[in-house]
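Undergrad: Structure provided below as structure tokens; questions to follow.
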Amino acid sequence: MSEASLLLEVEGLAKRWPGAAAAAVSDVSFALAEGERVALVGASGSGKTTLARLIVRLIEPDRGAIRFAGRDLLALSGERLRRLRAGLQLVFQDPLAALDPRRRVGRQVADPLRVHGLVPRADRPAAVAALFDRVGLDPALAERFPHELSGGQRQRVAIARALACRPLLLLLDEPVAQLDVSVKVQILNLLDRLRREEGLAWLLITHDLGAARAASDRILVMAEGRIVEEGPTAAVLAAPRAAATRALVAAEPRLPPPEPDPGPQPFTAPSVSPRTM
Amino acid sequence: MSAVLLELRGLAVSLPLGRRLVRALRGLDLELSAGERLALVGESGSGKSTALLAIAGLLPEEARVEGSRRFPLLGREVVPGRDFGLVLQDPFASLNPVLSVGEQIGEVLVAHRGARWSEARRASAVLLERVGIGDPERRLGDPPHRFSGGQRQRIAIAMAIAAGPRLLLADEPTSSLDTVVQSQILALLDGLVREQGMALLLVTHDLAVASRIADRIAVLYAGRLVESGPAHRLLRAPRHPYTRALLAVARDLERAGAGPLAEIAGPTLDPTDRMQGCAFAPRCPFAVARCTDERPAWRGHPRDGVACHRVEP
């Protein structure tokens, strides 16, 4: 990995809450390259959410450095920070909380286009329709309010709004944790398509190893504020070394294996060819 | 087979939405035996939570209900807390934020077991210890917000089992918890239900969670049961195309590698639609004309069967 391709570099990041006995984030360093998919996993209280909030500067670190696209994120402020931040977009677990309940979702997707001056006013409806199309939503849904959409549709709206800023990096905070499995795979497939089409990178924050397995090439495991294990996702999850990783793997709810020999199929020969299931 | 503790026959629940009617349940037949552990599995909009509310007698007033709910082993009046315990996804919804956890557990014991407050305090401490809260005597006086999410769910479980009910109803009790805590809570529920010989009705969208704890799994789709069977049979050899698709998706996610994940294609049913045939037909790779025209009857045993025209009888 060449130095030039690094998109996000975190070095010696530390944060202790006033009065807390232990640091929430303690000496964390890692890097993420352009187009790379990295998962940050850990149990509740491991510090992964604090780390994410530090990276987007919702909170200030006690120590450490964050470079995004080669720029020192902590040294910037005001308009220059806002401009750089447009390239780093957050998608939350609960899109209902992230969306304004009183405004039509199309307008909310248009907000970043307006705020960052990306698209002139006259072209915004077409740009919003194009964004809806890119995330697999019927553009007619732009007229709906958040509560009139399903959970999966709301998460697509949140992704469309993030894409409006033409980001290089998505910070995905448990984006599929509240979704049914059939909707979860649709969102994971959407993210994968967007990455292939647009060269997006992401940091996926999750406790769901299934999501990490499907949506990351490299995994960082956090426990007690530190990164305790790191490596290719498949290899780390197949042979976890750190105690925290082993606990996560052991706790993962898994289905029993299917019948080795299914025996005769329960169906009469279908008269239509089965679609992909 | 043990005696039937709960019996639903043709349970249909509709909820008004503006001028339309959301058909949350479209005729559910379900039996639960004493001591049995049943998982009712379905995705958003399948009606699983509505079913649980109907069983608990907690449907909103405007709900239109048809069909019947019976508890053959219980008295004429079924009392929440005494006859069944209820555990919800968000433990804050079952806990009072301004009362100490000791007062809340004690209240159940006083109301339903006729305990005196002095006894209730000791019994509450025993219950807290039983659900895995350390230093229970001291923690009795703490309000819910002093506990972590997993601990709060443990406390909600302690309240739900305090009166020794024969039935525990649990609606996604581990969905808002991380996997490590989820696994601990499932083990706790499993142990308690076995020790006390309680029946468990667990509502979940997650087949893997169901597989950890259930003897039997019933799969709901668009307000109707599509398949039911012993957990080991249903998970290893599912028969209904929806169960098969759901398992295929979940298994693909477990072993995900390169390339897109398996999806269940096709539109879900509009909940206000008066459906004639099988609700899964528009998404089913095996559907024929009959599937959209005629509702599939239940085939097989009530506890091990399937509602599908395309399955061999």
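In the structure tokens, chains take letters A, B, ... by order of appearance, with residues numbered from 1 within each chain and ligands from 1 in the order shown.
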Residues of chain B no more than 7 Å from chain A, counting only C-alpha atoms: send them over as a ChimeraX atom specification.

TA: /B:43-44,178-180,183,205,208-209,211,235-237,239,245,249-250,253-254,256-257,260-265,285-286,310-312

Undergrad: I need the strand (DSSP E or B) residues of region 72-189 of chain B per DSSP on the backbone, written as a PyMOL selection string.

TA: chain B and resi 80+84-87+167-171

Undergrad: Just the residues within 8 Å of His240 (chain B), please, counting only C-alpha atoms, with nothing from its chain fewer than 3 positions along; format it as a ChimeraX atom specification.

TA: /B:226-227,243-244,306-308,311

Undergrad: Would you mind writing down, as a PyMOL selection string, each residue of region 4-212 of chain B that DSSP on the backbone assigns to alpha helix (DSSP H)?

TA: chain B and resi 48-56+91-94+101-113+117-130+136-139+149-161+179-196+207-212

Undergrad: Kindly indicate which residue among B:Ala214, B:Arg138, B:Leu177, B:Leu86 lies nearest to Ile157 (chain B), using only C-alpha atoms for the distances.

TA: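 Ranked by minimum distance to Ile157 (chain B), first place goes to B:Leu86.
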
Undergrad: Fewer than 4 positions away in the same chain doesn't count, so skip those; otherwise give me all residues within 10 Å of Leu200 (chain B), counting only C-alpha atoms, as a compact mmCIF listing (two decimals) with all heavy atoms, in the first residue's frame.

TA:
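Written file, result.txt:
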# COMPACT_ATOMS: atom_id res chain seq x y z
N LEU B 32 -49.77 -23.64 21.61
CA LEU B 32 -48.55 -23.71 22.41
C LEU B 32 -48.85 -24.61 23.60
O LEU B 32 -49.83 -24.40 24.31
CB LEU B 32 -48.17 -22.29 22.87
CG LEU B 32 -46.90 -22.16 23.71
CD1 LEU B 32 -45.67 -22.47 22.88
CD2 LEU B 32 -46.79 -20.73 24.26
N SER B 33 -48.00 -25.62 23.81
CA SER B 33 -48.21 -26.54 24.93
C SER B 33 -47.52 -26.01 26.16
O SER B 33 -46.59 -25.21 26.07
CB SER B 33 -47.62 -27.91 24.60
OG SER B 33 -48.27 -28.45 23.50
N ALA B 34 -47.95 -26.51 27.31
CA ALA B 34 -47.27 -26.17 28.57
C ALA B 34 -45.81 -26.57 28.44
O ALA B 34 -45.49 -27.67 27.96
CB ALA B 34 -47.94 -26.89 29.72
N GLY B 35 -44.91 -25.68 28.82
CA GLY B 35 -43.49 -26.00 28.82
C GLY B 35 -42.82 -25.96 27.45
O GLY B 35 -41.62 -26.15 27.34
N GLU B 36 -43.60 -25.72 26.40
CA GLU B 36 -43.01 -25.70 25.05
C GLU B 36 -42.33 -24.37 24.76
O GLU B 36 -42.73 -23.33 25.28
CB GLU B 36 -44.12 -25.94 24.01
CG GLU B 36 -43.59 -26.15 22.61
CD GLU B 36 -44.69 -26.33 21.57
OE1 GLU B 36 -45.85 -25.99 21.85
OE2 GLU B 36 -44.35 -26.80 20.46
N ARG B 37 -41.29 -24.41 23.93
CA ARG B 37 -40.59 -23.18 23.56
C ARG B 37 -40.76 -22.97 22.07
O ARG B 37 -40.18 -23.71 21.26
CB ARG B 37 -39.13 -23.28 23.96
CG ARG B 37 -39.03 -23.54 25.48
CD ARG B 37 -37.65 -23.80 25.94
NE ARG B 37 -37.00 -24.83 25.17
CZ ARG B 37 -35.69 -24.97 25.08
NH1 ARG B 37 -34.90 -24.14 25.71
NH2 ARG B 37 -35.18 -25.93 24.36
N LEU B 38 -41.58 -21.98 21.74
CA LEU B 38 -41.94 -21.74 20.35
C LEU B 38 -41.41 -20.38 19.91
O LEU B 38 -41.57 -19.39 20.61
CB LEU B 38 -43.47 -21.75 20.21
CG LEU B 38 -44.05 -21.34 18.85
CD1 LEU B 38 -43.70 -22.35 17.77
CD2 LEU B 38 -45.57 -21.19 18.95
N ALA B 39 -40.76 -20.36 18.75
CA ALA B 39 -40.33 -19.08 18.16
C ALA B 39 -41.27 -18.74 17.02
O ALA B 39 -41.50 -19.56 16.13
CB ALA B 39 -38.90 -19.17 17.66
N PHE B 84 -48.89 -14.60 32.70
CA PHE B 84 -47.79 -14.58 31.73
C PHE B 84 -46.90 -13.38 32.01
O PHE B 84 -47.34 -12.36 32.51
CB PHE B 84 -48.31 -14.55 30.28
CG PHE B 84 -49.12 -13.32 29.94
CD1 PHE B 84 -48.49 -12.12 29.59
CD2 PHE B 84 -50.50 -13.37 29.97
CE1 PHE B 84 -49.24 -11.00 29.26
CE2 PHE B 84 -51.26 -12.24 29.67
CZ PHE B 84 -50.63 -11.06 29.32
N GLY B 85 -45.62 -13.55 31.72
CA GLY B 85 -44.67 -12.45 31.82
C GLY B 85 -44.39 -11.92 30.43
O GLY B 85 -44.56 -12.63 29.44
N ARG B 166 -46.88 -19.29 33.92
CA ARG B 166 -46.67 -20.52 33.14
C ARG B 166 -46.20 -20.20 31.73
O ARG B 166 -45.85 -21.09 30.97
CB ARG B 166 -47.97 -21.31 33.06
CG ARG B 166 -48.45 -21.71 34.43
CD ARG B 166 -49.54 -22.72 34.34
NE ARG B 166 -49.05 -23.97 33.78
CZ ARG B 166 -49.73 -25.10 33.84
NH1 ARG B 166 -50.89 -25.13 34.43
NH2 ARG B 166 -49.24 -26.20 33.32
N LEU B 167 -46.29 -18.90 31.38
CA LEU B 167 -45.97 -18.51 30.01
C LEU B 167 -45.13 -17.25 30.02
O LEU B 167 -45.42 -16.30 30.75
CB LEU B 167 -47.28 -18.26 29.23
CG LEU B 167 -47.18 -17.66 27.83
CD1 LEU B 167 -46.40 -18.56 26.89
CD2 LEU B 167 -48.58 -17.39 27.27
N LEU B 168 -44.08 -17.25 29.21
CA LEU B 168 -43.27 -16.05 29.04
C LEU B 168 -43.38 -15.62 27.58
O LEU B 168 -43.12 -16.41 26.67
CB LEU B 168 -41.81 -16.36 29.40
CG LEU B 168 -40.85 -15.17 29.45
CD1 LEU B 168 -41.29 -14.16 30.51
CD2 LEU B 168 -39.43 -15.63 29.74
N LEU B 169 -43.82 -14.37 27.38
CA LEU B 169 -43.90 -13.81 26.04
C LEU B 169 -42.73 -12.86 25.86
O LEU B 169 -42.51 -11.98 26.69
CB LEU B 169 -45.21 -13.03 25.86
CG LEU B 169 -46.52 -13.78 26.13
CD1 LEU B 169 -47.71 -12.80 26.09
CD2 LEU B 169 -46.70 -14.89 25.09
N ALA B 170 -41.96 -13.04 24.80
CA ALA B 170 -40.78 -12.21 24.60
C ALA B 170 -40.75 -11.70 23.16
O ALA B 170 -40.78 -12.48 22.22
CB ALA B 170 -39.51 -13.00 24.90
N LEU B 189 -32.43 -16.88 29.37
CA LEU B 189 -33.83 -17.21 29.11
C LEU B 189 -34.00 -18.72 29.00
O LEU B 189 -34.93 -19.30 29.57
CB LEU B 189 -34.29 -16.56 27.80
CG LEU B 189 -34.75 -15.10 27.86
CD1 LEU B 189 -35.06 -14.59 26.46
CD2 LEU B 189 -35.99 -14.96 28.75
N ASP B 190 -33.08 -19.34 28.27
CA ASP B 190 -33.14 -20.78 28.08
C ASP B 190 -33.11 -21.50 29.42
O ASP B 190 -33.94 -22.38 29.68
CB ASP B 190 -31.94 -21.19 27.21
CG ASP B 190 -32.04 -22.63 26.76
OD1 ASP B 190 -33.16 -23.06 26.43
OD2 ASP B 190 -31.00 -23.31 26.74
N VAL B 193 -36.40 -20.79 31.59
CA VAL B 193 -37.59 -21.45 31.06
C VAL B 193 -37.55 -22.94 31.38
O VAL B 193 -38.53 -23.55 31.79
CB VAL B 193 -37.70 -21.17 29.54
CG1 VAL B 193 -38.73 -22.07 28.90
CG2 VAL B 193 -38.05 -19.72 29.30
N ARG B 194 -36.35 -23.55 31.24
CA ARG B 194 -36.20 -24.97 31.55
C ARG B 194 -36.42 -25.23 33.04
O ARG B 194 -37.17 -26.13 33.42
CB ARG B 194 -34.80 -25.46 31.19
CG ARG B 194 -34.63 -25.73 29.72
CD ARG B 194 -33.17 -26.00 29.44
NE ARG B 194 -32.89 -25.93 28.02
CZ ARG B 194 -33.08 -26.94 27.18
NH1 ARG B 194 -33.53 -28.10 27.61
NH2 ARG B 194 -32.82 -26.78 25.90
N ILE B 213 -32.88 -21.37 20.89
CA ILE B 213 -33.72 -21.49 22.08
C ILE B 213 -35.03 -22.23 21.85
O ILE B 213 -35.64 -22.69 22.80
CB ILE B 213 -33.98 -20.06 22.64
CG1 ILE B 213 -34.46 -20.10 24.08
CG2 ILE B 213 -34.88 -19.26 21.77
CD1 ILE B 213 -34.37 -18.77 24.77
N ALA B 214 -35.46 -22.38 20.59
CA ALA B 214 -36.82 -22.89 20.36
C ALA B 214 -36.85 -24.40 20.09
O ALA B 214 -35.97 -24.94 19.45
CB ALA B 214 -37.46 -22.15 19.19
N ASP B 215 -37.91 -25.07 20.60
CA ASP B 215 -38.18 -26.46 20.23
C ASP B 215 -38.85 -26.48 18.86
O ASP B 215 -38.68 -27.38 18.07
CB ASP B 215 -39.18 -27.12 21.20
CG ASP B 215 -38.77 -26.96 22.64
OD1 ASP B 215 -37.59 -27.19 22.93
OD2 ASP B 215 -39.64 -26.61 23.47

Undergrad: Near Val78 (chain B), within 12 Å and counting only C-alpha atoms, which residues show up once chain neighbours fewer than 4 positions away are dropped, as number ranges by chain?

TA: B: 5-6, 55-57, 69-74, 82-85, 165-167

Undergrad: Provide the CA of Gly10 (chain B) to CA of Ile217 (chain B) distance in Å, to one decimal place.

TA: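 CA of Ile217 (chain B) lies 18.6 Å from CA of Gly10 (chain B).
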
Undergrad: What lies within 10 Å of Ala125 (chain B) using only C-alpha atoms, ignoring chain neighbours under 5 positions off, as an MDAnalysis selection string?

TA: chainID B and resid 101:102 105:106 120 130 133:140 158

Undergrad: Please produce an output containing N, CA, C and O atoms for each residue in the selection, written as a PDB file, in the first residue's frame.

TA:
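Final output, result.pdb:
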ATOM      1  N   VAL B 101     -35.273  -0.655  40.989  1.00  0.00           N
ATOM      2  CA  VAL B 101     -35.614  -1.958  40.416  1.00  0.00           C
ATOM      3  C   VAL B 101     -36.189  -2.871  41.498  1.00  0.00           C
ATOM      4  O   VAL B 101     -37.051  -3.710  41.212  1.00  0.00           O
ATOM      5  N   GLY B 102     -35.744  -2.692  42.744  1.00  0.00           N
ATOM      6  CA  GLY B 102     -36.284  -3.505  43.839  1.00  0.00           C
ATOM      7  C   GLY B 102     -37.766  -3.246  44.032  1.00  0.00           C
ATOM      8  O   GLY B 102     -38.556  -4.178  44.231  1.00  0.00           O
ATOM      9  N   ILE B 105     -39.709  -4.963  41.018  1.00  0.00           N
ATOM     10  CA  ILE B 105     -39.834  -6.418  41.105  1.00  0.00           C
ATOM     11  C   ILE B 105     -40.729  -6.761  42.299  1.00  0.00           C
ATOM     12  O   ILE B 105     -41.609  -7.628  42.216  1.00  0.00           O
ATOM     13  N   GLY B 106     -40.528  -6.022  43.405  1.00  0.00           N
ATOM     14  CA  GLY B 106     -41.318  -6.250  44.612  1.00  0.00           C
ATOM     15  C   GLY B 106     -42.802  -6.076  44.361  1.00  0.00           C
ATOM     16  O   GLY B 106     -43.624  -6.855  44.854  1.00  0.00           O
ATOM     17  N   ALA B 120     -40.893  -9.414  49.986  1.00  0.00           N
ATOM     18  CA  ALA B 120     -40.698  -9.096  48.577  1.00  0.00           C
ATOM     19  C   ALA B 120     -39.276  -8.598  48.330  1.00  0.00           C
ATOM     20  O   ALA B 120     -38.666  -8.899  47.315  1.00  0.00           O
ATOM     21  N   ARG B 130     -30.505 -14.381  40.415  1.00  0.00           N
ATOM     22  CA  ARG B 130     -30.825 -15.446  39.474  1.00  0.00           C
ATOM     23  C   ARG B 130     -30.676 -15.011  38.017  1.00  0.00           C
ATOM     24  O   ARG B 130     -30.331 -15.814  37.142  1.00  0.00           O
ATOM     25  N   ILE B 133     -27.409 -10.452  38.105  1.00  0.00           N
ATOM     26  CA  ILE B 133     -26.993  -9.121  38.549  1.00  0.00           C
ATOM     27  C   ILE B 133     -26.155  -9.298  39.822  1.00  0.00           C
ATOM     28  O   ILE B 133     -26.660  -9.813  40.822  1.00  0.00           O
ATOM     29  N   GLY B 134     -24.894  -8.865  39.749  1.00  0.00           N
ATOM     30  CA  GLY B 134     -24.000  -9.009  40.893  1.00  0.00           C
ATOM     31  C   GLY B 134     -24.377  -8.056  42.028  1.00  0.00           C
ATOM     32  O   GLY B 134     -25.001  -7.018  41.790  1.00  0.00           O
ATOM     33  N   ASP B 135     -24.021  -8.418  43.259  1.00  0.00           N
ATOM     34  CA  ASP B 135     -24.269  -7.584  44.426  1.00  0.00           C
ATOM     35  C   ASP B 135     -25.744  -7.168  44.529  1.00  0.00           C
ATOM     36  O   ASP B 135     -26.070  -5.980  44.667  1.00  0.00           O
ATOM     37  N   PRO B 136     -26.681  -8.138  44.454  1.00  0.00           N
ATOM     38  CA  PRO B 136     -28.102  -7.805  44.307  1.00  0.00           C
ATOM     39  C   PRO B 136     -28.688  -6.998  45.468  1.00  0.00           C
ATOM     40  O   PRO B 136     -29.502  -6.094  45.235  1.00  0.00           O
ATOM     41  N   GLU B 137     -28.279  -7.286  46.714  1.00  0.00           N
ATOM     42  CA  GLU B 137     -28.849  -6.567  47.866  1.00  0.00           C
ATOM     43  C   GLU B 137     -28.668  -5.059  47.702  1.00  0.00           C
ATOM     44  O   GLU B 137     -29.570  -4.274  47.947  1.00  0.00           O
ATOM     45  N   ARG B 138     -27.448  -4.674  47.286  1.00  0.00           N
ATOM     46  CA  ARG B 138     -27.145  -3.260  47.170  1.00  0.00           C
ATOM     47  C   ARG B 138     -27.817  -2.641  45.942  1.00  0.00           C
ATOM     48  O   ARG B 138     -28.300  -1.520  45.982  1.00  0.00           O
ATOM     49  N   ARG B 139     -27.924  -3.415  44.851  1.00  0.00           N
ATOM     50  CA  ARG B 139     -28.446  -2.854  43.604  1.00  0.00           C
ATOM     51  C   ARG B 139     -29.969  -2.693  43.603  1.00  0.00           C
ATOM     52  O   ARG B 139     -30.519  -2.025  42.730  1.00  0.00           O
ATOM     53  N   LEU B 140     -30.660  -3.321  44.579  1.00  0.00           N
ATOM     54  CA  LEU B 140     -32.119  -3.206  44.654  1.00  0.00           C
ATOM     55  C   LEU B 140     -32.584  -1.757  44.661  1.00  0.00           C
ATOM     56  O   LEU B 140     -33.642  -1.426  44.140  1.00  0.00           O
ATOM     57  N   ALA B 158     -36.355 -10.573  35.140  1.00  0.00           N
ATOM     58  CA  ALA B 158     -36.644 -10.880  36.546  1.00  0.00           C
ATOM     59  C   ALA B 158     -38.081 -10.488  36.888  1.00  0.00           C
ATOM     60  O   ALA B 158     -38.803 -11.230  37.566  1.00  0.00           O
TER      61      ALA B 158
END

Undergrad: Which value, in Å to one decimal, gives the distance between CA of Pro173 (chain B) and CA of Leu127 (chain B)?

TA: 18.3 Å

Undergrad: Report as a PyMOL selection string all protein, DNA and RNA residues lying within 12 Å of region 14-18 of chain A, evaluated on only C-alpha atoms, omitting residues in the same chain fewer than 5 positions from it.

TA: chain A and resi 23-29+47-55+59-66+224-227

Undergrad: With C-alpha atoms retained, write the just-selected residues as a short mmCIF file (atom, residue, chain, number, x, y, z; two decimals), in the first residue's frame.

TA:
data_model
loop_
_atom_site.label_atom_id
_atom_site.label_comp_id
_atom_site.auth_asym_id
_atom_site.auth_seq_id
_atom_site.Cartn_x
_atom_site.Cartn_y
_atom_site.Cartn_z
CA ALA A 23 -9.89 5.84 28.61
CA ALA A 24 -12.73 5.35 26.10
CA VAL A 25 -10.18 5.33 23.28
CA SER A 26 -6.57 4.71 24.07
CA ASP A 27 -3.66 5.07 21.62
CA VAL A 28 -5.53 3.93 18.50
CA SER A 29 -3.70 3.97 15.18
CA GLY A 47 -14.89 2.30 22.31
CA LYS A 48 -15.83 1.86 18.65
CA THR A 49 -18.56 4.50 18.69
CA THR A 50 -16.34 7.00 20.50
CA LEU A 51 -13.63 6.38 17.89
CA ALA A 52 -16.13 7.05 15.09
CA ARG A 53 -17.27 10.27 16.75
CA LEU A 54 -13.66 11.38 17.10
CA ILE A 55 -13.00 10.76 13.40
CA ILE A 59 -15.92 15.23 19.86
CA GLU A 60 -12.30 16.37 20.30
CA PRO A 61 -9.53 13.92 21.18
CA ASP A 62 -7.14 14.39 24.11
CA ARG A 63 -4.21 13.33 21.91
CA GLY A 64 -3.46 12.02 18.48
CA ALA A 65 -3.73 12.93 14.83
CA ILE A 66 -6.31 12.34 12.11
CA GLU A 224 -11.35 -1.56 26.21
CA GLY A 225 -10.53 1.36 23.95
CA ARG A 226 -7.75 -0.35 22.03
CA ILE A 227 -7.40 -2.19 18.76
#

Undergrad: Which residue is closest to Arg233 (chain B)? Choose from B:Asp273, B:Asp304, B:Glu61, B:Asp293 and count only C-alpha atoms.

TA: B:Asp304

Undergrad: One decimal, in Å: what's the spacing between CA of Leu202 (chain B) and CA of Asp171 (chain B)?

TA: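 CA of Asp171 (chain B) lies 6.1 Å from CA of Leu202 (chain B).
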
Undergrad: Given the choices A:Arg218, A:Arg241, A:Arg154, A:Arg82, which gets closest to Leu32 (chain A) if the distance is worked out from only C-alpha atoms?

TA: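 Checking each of A:Arg218, A:Arg241, A:Arg154, A:Arg82 against Leu32 (chain A), counting only C-alpha atoms, the winner is A:Arg218.
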